[in-house]
>>> print(open('run_19.pdb').read())   # PDB, C-alpha atoms
ATOM      1  CA  MET A   1      -6.577  21.472  16.886
ATOM      2  CA  GLN A   2      -3.933  20.057  14.558
ATOM      3  CA  ILE A   3      -3.543  20.331  10.787
ATOM      4  CA  ARG A   4      -2.121  18.006   8.199
ATOM      5  CA  PHE A   5      -1.672  18.477   4.452
ATOM      6  CA  PHE A   6      -2.138  15.878   1.733
ATOM      7  CA  THR A   7      -1.563  16.026  -2.008
ATOM      8  CA  VAL A   8      -3.302  13.462  -4.204
ATOM      9  CA  PRO A   9      -2.114  13.398  -7.835
ATOM     10  CA  VAL A  10      -4.872  13.017 -10.415
ATOM     11  CA  HIS A  11      -2.848  10.403 -12.282
ATOM     12  CA  GLY A  12      -1.449   7.507 -10.249
ATOM     13  CA  GLY A  13      -2.611   8.898  -6.929
ATOM     14  CA  ASP A  14      -3.972   5.643  -5.499
ATOM     15  CA  ALA A  15      -1.327   5.383  -2.771
ATOM     16  CA  ALA A  16      -1.735   9.036  -1.736
ATOM     17  CA  ALA A  17      -5.531   8.674  -1.683
ATOM     18  CA  GLY A  18      -5.136   5.536   0.426
ATOM     19  CA  LEU A  19      -2.995   7.422   2.950
ATOM     20  CA  LEU A  20      -5.554  10.238   3.109
ATOM     21  CA  ASN A  21      -8.435   7.805   3.604
ATOM     22  CA  GLN A  22      -6.528   5.894   6.263
ATOM     23  CA  PHE A  23      -5.745   9.120   8.105
ATOM     24  CA  LEU A  24      -9.360  10.333   7.901
ATOM     25  CA  SER A  25     -10.718   7.051   9.216
ATOM     26  CA  GLY A  26      -8.435   7.184  12.263
ATOM     27  CA  HIS A  27      -8.966  10.793  13.375
ATOM     28  CA  ARG A  28     -11.761  13.096  14.435
ATOM     29  CA  VAL A  29     -11.867  15.559  11.548
ATOM     30  CA  LEU A  30     -13.030  19.055  12.440
ATOM     31  CA  SER A  31     -12.903  20.481   8.921
ATOM     32  CA  MET A  32     -11.180  19.952   5.618
ATOM     33  CA  ASP A  33     -10.266  22.409   2.876
ATOM     34  CA  ARG A  34      -9.558  21.161  -0.599
ATOM     35  CA  SER A  35      -8.462  22.736  -3.828
ATOM     36  CA  PHE A  36      -7.627  21.496  -7.283
ATOM     37  CA  VAL A  37      -4.180  22.443  -8.549
ATOM     38  CA  GLN A  38      -4.255  22.365 -12.334
ATOM     39  CA  ASP A  39      -0.838  21.647 -13.845
ATOM     40  CA  GLY A  40      -1.388  19.397 -16.862
ATOM     41  CA  PRO A  41      -0.184  15.858 -16.168
ATOM     42  CA  ASN A  42       0.971  16.982 -12.694
ATOM     43  CA  SER A  43      -2.507  18.133 -11.635
ATOM     44  CA  ALA A  44      -3.487  17.172  -8.102
ATOM     45  CA  TRP A  45      -5.949  17.702  -5.286
ATOM     46  CA  SER A  46      -4.567  19.452  -2.232
ATOM     47  CA  PHE A  47      -6.192  18.833   1.164
ATOM     48  CA  CYS A  48      -5.741  20.619   4.469
ATOM     49  CA  VAL A  49      -7.252  18.535   7.263
ATOM     50  CA  HIS A  50      -8.036  20.136  10.619
ATOM     51  CA  PHE A  51      -8.357  17.417  13.232
ATOM     52  CA  GLU A  52      -8.487  16.851  16.933
ATOM     53  CA  ALA A  53      -5.526  14.987  18.321
ATOM     54  CA  SER A  54      -6.576  12.254  20.704
ATOM     55  CA  ALA A  55      -4.617  12.042  23.920
ATOM     56  CA  GLY A  56      -3.963   8.338  23.533
ATOM     57  CA  SER A  57      -2.536   8.268  20.022
ATOM     58  CA  PRO A  58       0.679   9.889  18.891
ATOM     59  CA  ILE A  59       0.551  12.290  15.966
ATOM     60  CA  THR A  60       2.653  11.019  13.108
ATOM     61  CA  MET A  61       4.368  13.197  10.566
ATOM     62  CA  PRO A  62       3.140  13.049   6.970
ATOM     63  CA  GLY A  63       4.348   9.886   5.307
ATOM     64  CA  LYS A  64       5.523   8.386   8.602
ATOM     65  CA  ARG A  65       3.740   5.380  10.021
ATOM     66  CA  PRO A  66       4.622   3.183  12.927
ATOM     67  CA  LYS A  67       7.079   0.589  11.670
ATOM     68  CA  VAL A  68       5.640  -2.904  11.317
ATOM     69  CA  ASP A  69       7.871  -5.956  11.624
ATOM     70  CA  TYR A  70       6.257  -8.312   9.137
ATOM     71  CA  LYS A  71       8.455 -11.159  10.383
ATOM     72  CA  GLU A  72       6.420 -10.988  13.594
ATOM     73  CA  VAL A  73       3.072 -10.424  11.866
ATOM     74  CA  LEU A  74       3.356 -13.205   9.250
ATOM     75  CA  ASN A  75       4.098 -16.877   9.829
ATOM     76  CA  ASP A  76       7.405 -18.229   8.438
ATOM     77  CA  GLN A  77       5.950 -19.469   5.139
ATOM     78  CA  ASP A  78       4.028 -16.258   4.518
ATOM     79  CA  PHE A  79       7.051 -14.140   5.399
ATOM     80  CA  ALA A  80       9.120 -16.042   2.824
ATOM     81  CA  VAL A  81       6.516 -15.205   0.158
ATOM     82  CA  PHE A  82       6.409 -11.581   1.365
ATOM     83  CA  ALA A  83      10.226 -11.358   1.116
ATOM     84  CA  ARG A  84      10.168 -12.631  -2.475
ATOM     85  CA  LEU A  85       7.510 -10.063  -3.374
ATOM     86  CA  ARG A  86       9.720  -7.338  -1.878
ATOM     87  CA  ASP A  87      12.635  -8.574  -4.005
ATOM     88  CA  LEU A  88      10.493  -8.419  -7.152
ATOM     89  CA  ARG A  89       9.280  -4.949  -6.184
ATOM     90  CA  LYS A  90      12.873  -3.789  -5.692
ATOM     91  CA  GLU A  91      13.954  -5.153  -9.093
ATOM     92  CA  ARG A  92      11.030  -3.495 -10.879
ATOM     93  CA  SER A  93      11.407  -0.180  -9.054
ATOM     94  CA  GLU A  94      15.131   0.004  -9.790
ATOM     95  CA  SER A  95      14.623  -0.822 -13.470
ATOM     96  CA  GLU A  96      11.979   1.923 -13.725
ATOM     97  CA  GLY A  97      13.825   4.428 -11.547
ATOM     98  CA  VAL A  98      10.917   4.891  -9.133
ATOM     99  CA  PRO A  99      10.681   4.369  -5.365
ATOM    100  CA  ALA A 100       9.644   0.855  -4.319
ATOM    101  CA  TYR A 101       6.538   2.112  -2.519
ATOM    102  CA  ALA A 102       5.319   3.579  -5.832
ATOM    103  CA  LEU A 103       4.665   0.003  -6.962
ATOM    104  CA  PHE A 104       3.187  -1.428  -3.752
ATOM    105  CA  THR A 105       3.671  -0.671  -0.068
ATOM    106  CA  ASN A 106       4.871  -3.303   2.421
ATOM    107  CA  GLU A 107       1.359  -3.282   3.839
ATOM    108  CA  GLN A 108      -0.107  -4.080   0.405
ATOM    109  CA  LEU A 109       2.430  -6.859  -0.190
ATOM    110  CA  ALA A 110       1.625  -8.407   3.191
ATOM    111  CA  GLU A 111      -2.078  -8.219   2.437
ATOM    112  CA  MET A 112      -1.497  -9.964  -0.921
ATOM    113  CA  VAL A 113       0.095 -12.843   0.969
ATOM    114  CA  GLN A 114      -2.453 -12.961   3.787
ATOM    115  CA  ARG A 115      -5.405 -12.912   1.395
ATOM    116  CA  ARG A 116      -3.763 -15.459  -0.925
ATOM    117  CA  VAL A 117      -4.296 -13.131  -3.901
ATOM    118  CA  THR A 118      -4.030 -14.846  -7.291
ATOM    119  CA  THR A 119      -6.321 -12.797  -9.564
ATOM    120  CA  PRO A 120      -6.428  -9.194 -10.782
ATOM    121  CA  SER A 121      -9.864  -8.714  -9.198
ATOM    122  CA  ALA A 122      -8.483  -9.836  -5.816
ATOM    123  CA  LEU A 123      -5.632  -7.306  -6.163
ATOM    124  CA  LEU A 124      -8.185  -4.547  -6.732
ATOM    125  CA  GLU A 125      -9.790  -5.361  -3.371
ATOM    126  CA  ILE A 126      -6.641  -4.230  -1.538
ATOM    127  CA  SER A 127      -6.787  -0.626  -0.362
ATOM    128  CA  GLY A 128      -4.751   1.730  -2.535
ATOM    129  CA  ILE A 129      -4.413  -0.626  -5.503
ATOM    130  CA  GLY A 130      -6.233   0.553  -8.609
ATOM    131  CA  ASP A 131      -6.603  -0.444 -12.232
ATOM    132  CA  ALA A 132      -3.412   1.325 -13.336
ATOM    133  CA  ARG A 133      -1.207  -0.604 -10.888
ATOM    134  CA  VAL A 134      -2.891  -3.892 -11.650
ATOM    135  CA  GLU A 135      -2.395  -3.297 -15.373
ATOM    136  CA  LYS A 136       1.232  -2.211 -15.022
ATOM    137  CA  TYR A 137       2.530  -4.539 -12.295
ATOM    138  CA  GLY A 138      -0.200  -7.035 -11.542
ATOM    139  CA  GLU A 139       0.731  -9.918 -13.785
ATOM    140  CA  ASP A 140       4.353 -10.132 -12.570
ATOM    141  CA  PHE A 141       3.292 -10.104  -8.925
ATOM    142  CA  LEU A 142       0.344 -12.451  -9.476
ATOM    143  CA  LYS A 143       2.558 -14.933 -11.341
ATOM    144  CA  LEU A 144       5.019 -14.995  -8.441
ATOM    145  CA  LEU A 145       2.196 -15.248  -5.896
ATOM    146  CA  ARG A 146       0.639 -18.196  -7.739
ATOM    147  CA  GLU A 147       3.994 -20.001  -7.875
ATOM    148  CA  LEU A 148       4.932 -19.327  -4.255
ATOM    149  CA  LEU A 149       1.531 -19.903  -2.716
ATOM    150  CA  VAL A 150       1.164 -23.245  -4.506
ATOM    151  CA  SER A 151       4.658 -24.360  -3.432
ATOM    152  CA  SER A 152       4.129 -23.209   0.186
ATOM    153  CA  THR A 153       0.822 -25.119   0.274
ATOM    154  CA  ARG A 154       2.589 -28.254  -0.938
ATOM    155  CA  GLU A 155       5.371 -27.839   1.636
ATOM    156  CA  GLY A 156       2.854 -27.335   4.419
ATOM    157  CA  ALA A 157       0.960 -30.456   3.368
ATOM    158  CA  SER A 158       4.100 -32.597   3.238
ATOM    159  CA  LYS A 159       5.151 -31.757   6.816
ATOM    160  CA  PRO A 160       4.192 -34.332   9.469
TER     161      PRO A 160
END
>>> encode(input="run_19.pdb", output="structure tokens")
Amino acid sequence: MQIRFFTVPVHGGDAAAGLLNQFLSGHRVLSMDRSFVQDGPNSAWSFCVHFEASAGSPITMPGKRPKVDYKEVLNDQDFAVFARLRDLRKERSESEGVPAYALFTNEQLAEMVQRRVTTPSALLEISGIGDARVEKYGEDFLKLLRELLVSSTREGASKP
């Protein structure tokens, strides 16, 4: 039996909840203890997950996932859009003094590109993205997606 701890903030905890849900869906959970830690605006749920490690899959440390090379996963046009979204994320995160993943993860950015997201409702369909993120960051990212996806469609159509 293995254990893993998760903390999900009450406010802005979409990414942490997404990580917990992803972990739970990929492991055989034996039991889970949870408690609410009340600390005003820093209140959070704390989870202790007892799970069975499968022989075939490595156990990852909290917050560590296998690294994905999106240049291999996405085609050239999609990777160019993904790279521009990362640049926008970096600019916004630096101006706000928060980590880039607090806006959107690489996985979420790649999914935006793959799904051809252009509306707030489509953003909400991506795991870990909630109303607060869409309200705070959505329009900037959607504007860039609309511009880039339209231009990449035109470029693709003009090639022989």
>>> atom_distance(input="run_19.pdb", atom1="CA of Leu145 in chain A", atom2="CA of Tyr101 in chain A")
18.2 Å
>>> closest_residue(input="run_19.pdb", among="A:Arg86, A:Thr105, A:Phe51, A:Asp131", to="Gly18 in chain A", atoms="only C-alpha atoms")
A:Thr105
>>> atom_distance(input="run_19.pdb", atom1="CA of Arg133 in chain A", atom2="CA of Phe6 in chain A")
20.8 Å
>>> residues_near_point(input="run_19.pdb", point="(12.1, -11.0, -2.2)", cutoff="12 Å", atoms="all atoms listed in the file", output="number ranges by chain")
A: 78-92, 106, 109, 141, 144-145, 148
>>> resolve_selection(input="run_19.pdb", expression="the PyMOL selection byres ((chain A and resi 11) around 12)", output="PDB file with C-alpha atoms, in the frame of the given file")
ATOM      1  CA  THR A   7      -1.563  16.026  -2.008  1.00  0.00           C
ATOM      2  CA  VAL A   8      -3.302  13.462  -4.204  1.00  0.00           C
ATOM      3  CA  PRO A   9      -2.114  13.398  -7.835  1.00  0.00           C
ATOM      4  CA  VAL A  10      -4.872  13.017 -10.415  1.00  0.00           C
ATOM      5  CA  GLY A  12      -1.449   7.507 -10.249  1.00  0.00           C
ATOM      6  CA  GLY A  13      -2.611   8.898  -6.929  1.00  0.00           C
ATOM      7  CA  ASP A  14      -3.972   5.643  -5.499  1.00  0.00           C
ATOM      8  CA  ALA A  15      -1.327   5.383  -2.771  1.00  0.00           C
ATOM      9  CA  ALA A  16      -1.735   9.036  -1.736  1.00  0.00           C
ATOM     10  CA  ALA A  17      -5.531   8.674  -1.683  1.00  0.00           C
ATOM     11  CA  ASP A  39      -0.838  21.647 -13.845  1.00  0.00           C
ATOM     12  CA  GLY A  40      -1.388  19.397 -16.862  1.00  0.00           C
ATOM     13  CA  PRO A  41      -0.184  15.858 -16.168  1.00  0.00           C
ATOM     14  CA  ASN A  42       0.971  16.982 -12.694  1.00  0.00           C
ATOM     15  CA  SER A  43      -2.507  18.133 -11.635  1.00  0.00           C
ATOM     16  CA  ALA A  44      -3.487  17.172  -8.102  1.00  0.00           C
ATOM     17  CA  TRP A  45      -5.949  17.702  -5.286  1.00  0.00           C
ATOM     18  CA  GLY A 130      -6.233   0.553  -8.609  1.00  0.00           C
ATOM     19  CA  ASP A 131      -6.603  -0.444 -12.232  1.00  0.00           C
ATOM     20  CA  ALA A 132      -3.412   1.325 -13.336  1.00  0.00           C
ATOM     21  CA  ARG A 133      -1.207  -0.604 -10.888  1.00  0.00           C
TER      22      ARG A 133
END
>>> build_atoms(input="run_19.pdb", residues="range 12-38 of chain A", atoms="N, CA and C atoms", output="PDB file, in the frame of the given file")
ATOM      1  N   GLY A  12      -2.281   8.358 -11.086  1.00  0.00           N
ATOM      2  CA  GLY A  12      -1.449   7.507 -10.249  1.00  0.00           C
ATOM      3  C   GLY A  12      -1.462   7.892  -8.782  1.00  0.00           C
ATOM      4  N   GLY A  13      -2.554   8.452  -8.312  1.00  0.00           N
ATOM      5  CA  GLY A  13      -2.611   8.898  -6.929  1.00  0.00           C
ATOM      6  C   GLY A  13      -3.243   7.917  -5.968  1.00  0.00           C
ATOM      7  N   ASP A  14      -3.314   6.642  -6.352  1.00  0.00           N
ATOM      8  CA  ASP A  14      -3.972   5.643  -5.499  1.00  0.00           C
ATOM      9  C   ASP A  14      -3.329   5.549  -4.117  1.00  0.00           C
ATOM     10  N   ALA A  15      -2.013   5.525  -4.068  1.00  0.00           N
ATOM     11  CA  ALA A  15      -1.327   5.383  -2.771  1.00  0.00           C
ATOM     12  C   ALA A  15      -1.579   6.610  -1.899  1.00  0.00           C
ATOM     13  N   ALA A  16      -1.500   7.805  -2.500  1.00  0.00           N
ATOM     14  CA  ALA A  16      -1.735   9.036  -1.736  1.00  0.00           C
ATOM     15  C   ALA A  16      -3.179   9.098  -1.251  1.00  0.00           C
ATOM     16  N   ALA A  17      -4.120   8.689  -2.091  1.00  0.00           N
ATOM     17  CA  ALA A  17      -5.531   8.674  -1.683  1.00  0.00           C
ATOM     18  C   ALA A  17      -5.736   7.662  -0.554  1.00  0.00           C
ATOM     19  N   GLY A  18      -5.045   6.537  -0.632  1.00  0.00           N
ATOM     20  CA  GLY A  18      -5.136   5.536   0.426  1.00  0.00           C
ATOM     21  C   GLY A  18      -4.634   6.076   1.756  1.00  0.00           C
ATOM     22  N   LEU A  19      -3.526   6.815   1.717  1.00  0.00           N
ATOM     23  CA  LEU A  19      -2.995   7.422   2.950  1.00  0.00           C
ATOM     24  C   LEU A  19      -3.976   8.437   3.528  1.00  0.00           C
ATOM     25  N   LEU A  20      -4.571   9.252   2.648  1.00  0.00           N
ATOM     26  CA  LEU A  20      -5.554  10.238   3.109  1.00  0.00           C
ATOM     27  C   LEU A  20      -6.755   9.534   3.746  1.00  0.00           C
ATOM     28  N   ASN A  21      -7.276   8.531   3.071  1.00  0.00           N
ATOM     29  CA  ASN A  21      -8.435   7.805   3.604  1.00  0.00           C
ATOM     30  C   ASN A  21      -8.116   7.120   4.928  1.00  0.00           C
ATOM     31  N   GLN A  22      -6.932   6.544   5.019  1.00  0.00           N
ATOM     32  CA  GLN A  22      -6.528   5.894   6.263  1.00  0.00           C
ATOM     33  C   GLN A  22      -6.441   6.920   7.396  1.00  0.00           C
ATOM     34  N   PHE A  23      -5.860   8.071   7.097  1.00  0.00           N
ATOM     35  CA  PHE A  23      -5.745   9.120   8.105  1.00  0.00           C
ATOM     36  C   PHE A  23      -7.130   9.588   8.548  1.00  0.00           C
ATOM     37  N   LEU A  24      -8.020   9.836   7.581  1.00  0.00           N
ATOM     38  CA  LEU A  24      -9.360  10.333   7.901  1.00  0.00           C
ATOM     39  C   LEU A  24     -10.141   9.343   8.747  1.00  0.00           C
ATOM     40  N   SER A  25      -9.961   8.052   8.463  1.00  0.00           N
ATOM     41  CA  SER A  25     -10.718   7.051   9.216  1.00  0.00           C
ATOM     42  C   SER A  25     -10.214   6.903  10.656  1.00  0.00           C
ATOM     43  N   GLY A  26      -9.002   7.355  10.930  1.00  0.00           N
ATOM     44  CA  GLY A  26      -8.435   7.184  12.263  1.00  0.00           C
ATOM     45  C   GLY A  26      -8.404   8.438  13.109  1.00  0.00           C
ATOM     46  N   HIS A  27      -9.012   9.537  12.629  1.00  0.00           N
ATOM     47  CA  HIS A  27      -8.966  10.793  13.375  1.00  0.00           C
ATOM     48  C   HIS A  27     -10.331  11.480  13.379  1.00  0.00           C
ATOM     49  N   ARG A  28     -10.539  12.284  14.381  1.00  0.00           N
ATOM     50  CA  ARG A  28     -11.761  13.096  14.435  1.00  0.00           C
ATOM     51  C   ARG A  28     -11.494  14.372  13.641  1.00  0.00           C
ATOM     52  N   VAL A  29     -12.094  14.437  12.454  1.00  0.00           N
ATOM     53  CA  VAL A  29     -11.867  15.559  11.548  1.00  0.00           C
ATOM     54  C   VAL A  29     -12.815  16.699  11.911  1.00  0.00           C
ATOM     55  N   LEU A  30     -12.237  17.878  12.114  1.00  0.00           N
ATOM     56  CA  LEU A  30     -13.030  19.055  12.440  1.00  0.00           C
ATOM     57  C   LEU A  30     -13.472  19.786  11.179  1.00  0.00           C
ATOM     58  N   SER A  31     -12.576  19.891  10.212  1.00  0.00           N
ATOM     59  CA  SER A  31     -12.903  20.481   8.921  1.00  0.00           C
ATOM     60  C   SER A  31     -11.824  20.098   7.924  1.00  0.00           C
ATOM     61  N   MET A  32     -12.154  20.286   6.652  1.00  0.00           N
ATOM     62  CA  MET A  32     -11.180  19.952   5.618  1.00  0.00           C
ATOM     63  C   MET A  32     -11.360  20.928   4.462  1.00  0.00           C
ATOM     64  N   ASP A  33     -10.265  21.526   4.047  1.00  0.00           N
ATOM     65  CA  ASP A  33     -10.266  22.409   2.876  1.00  0.00           C
ATOM     66  C   ASP A  33      -9.618  21.653   1.735  1.00  0.00           C
ATOM     67  N   ARG A  34     -10.162  21.818   0.553  1.00  0.00           N
ATOM     68  CA  ARG A  34      -9.558  21.161  -0.599  1.00  0.00           C
ATOM     69  C   ARG A  34      -9.531  22.129  -1.767  1.00  0.00           C
ATOM     70  N   SER A  35      -8.527  21.938  -2.611  1.00  0.00           N
ATOM     71  CA  SER A  35      -8.462  22.736  -3.828  1.00  0.00           C
ATOM     72  C   SER A  35      -7.795  21.903  -4.911  1.00  0.00           C
ATOM     73  N   PHE A  36      -8.190  22.198  -6.131  1.00  0.00           N
ATOM     74  CA  PHE A  36      -7.627  21.496  -7.283  1.00  0.00           C
ATOM     75  C   PHE A  36      -6.507  22.349  -7.853  1.00  0.00           C
ATOM     76  N   VAL A  37      -5.330  21.750  -7.992  1.00  0.00           N
ATOM     77  CA  VAL A  37      -4.180  22.443  -8.549  1.00  0.00           C
ATOM     78  C   VAL A  37      -3.992  21.928  -9.972  1.00  0.00           C
ATOM     79  N   GLN A  38      -4.307  22.784 -10.933  1.00  0.00           N
ATOM     80  CA  GLN A  38      -4.255  22.365 -12.334  1.00  0.00           C
ATOM     81  C   GLN A  38      -2.872  22.634 -12.892  1.00  0.00           C
TER      82      GLN A  38
END
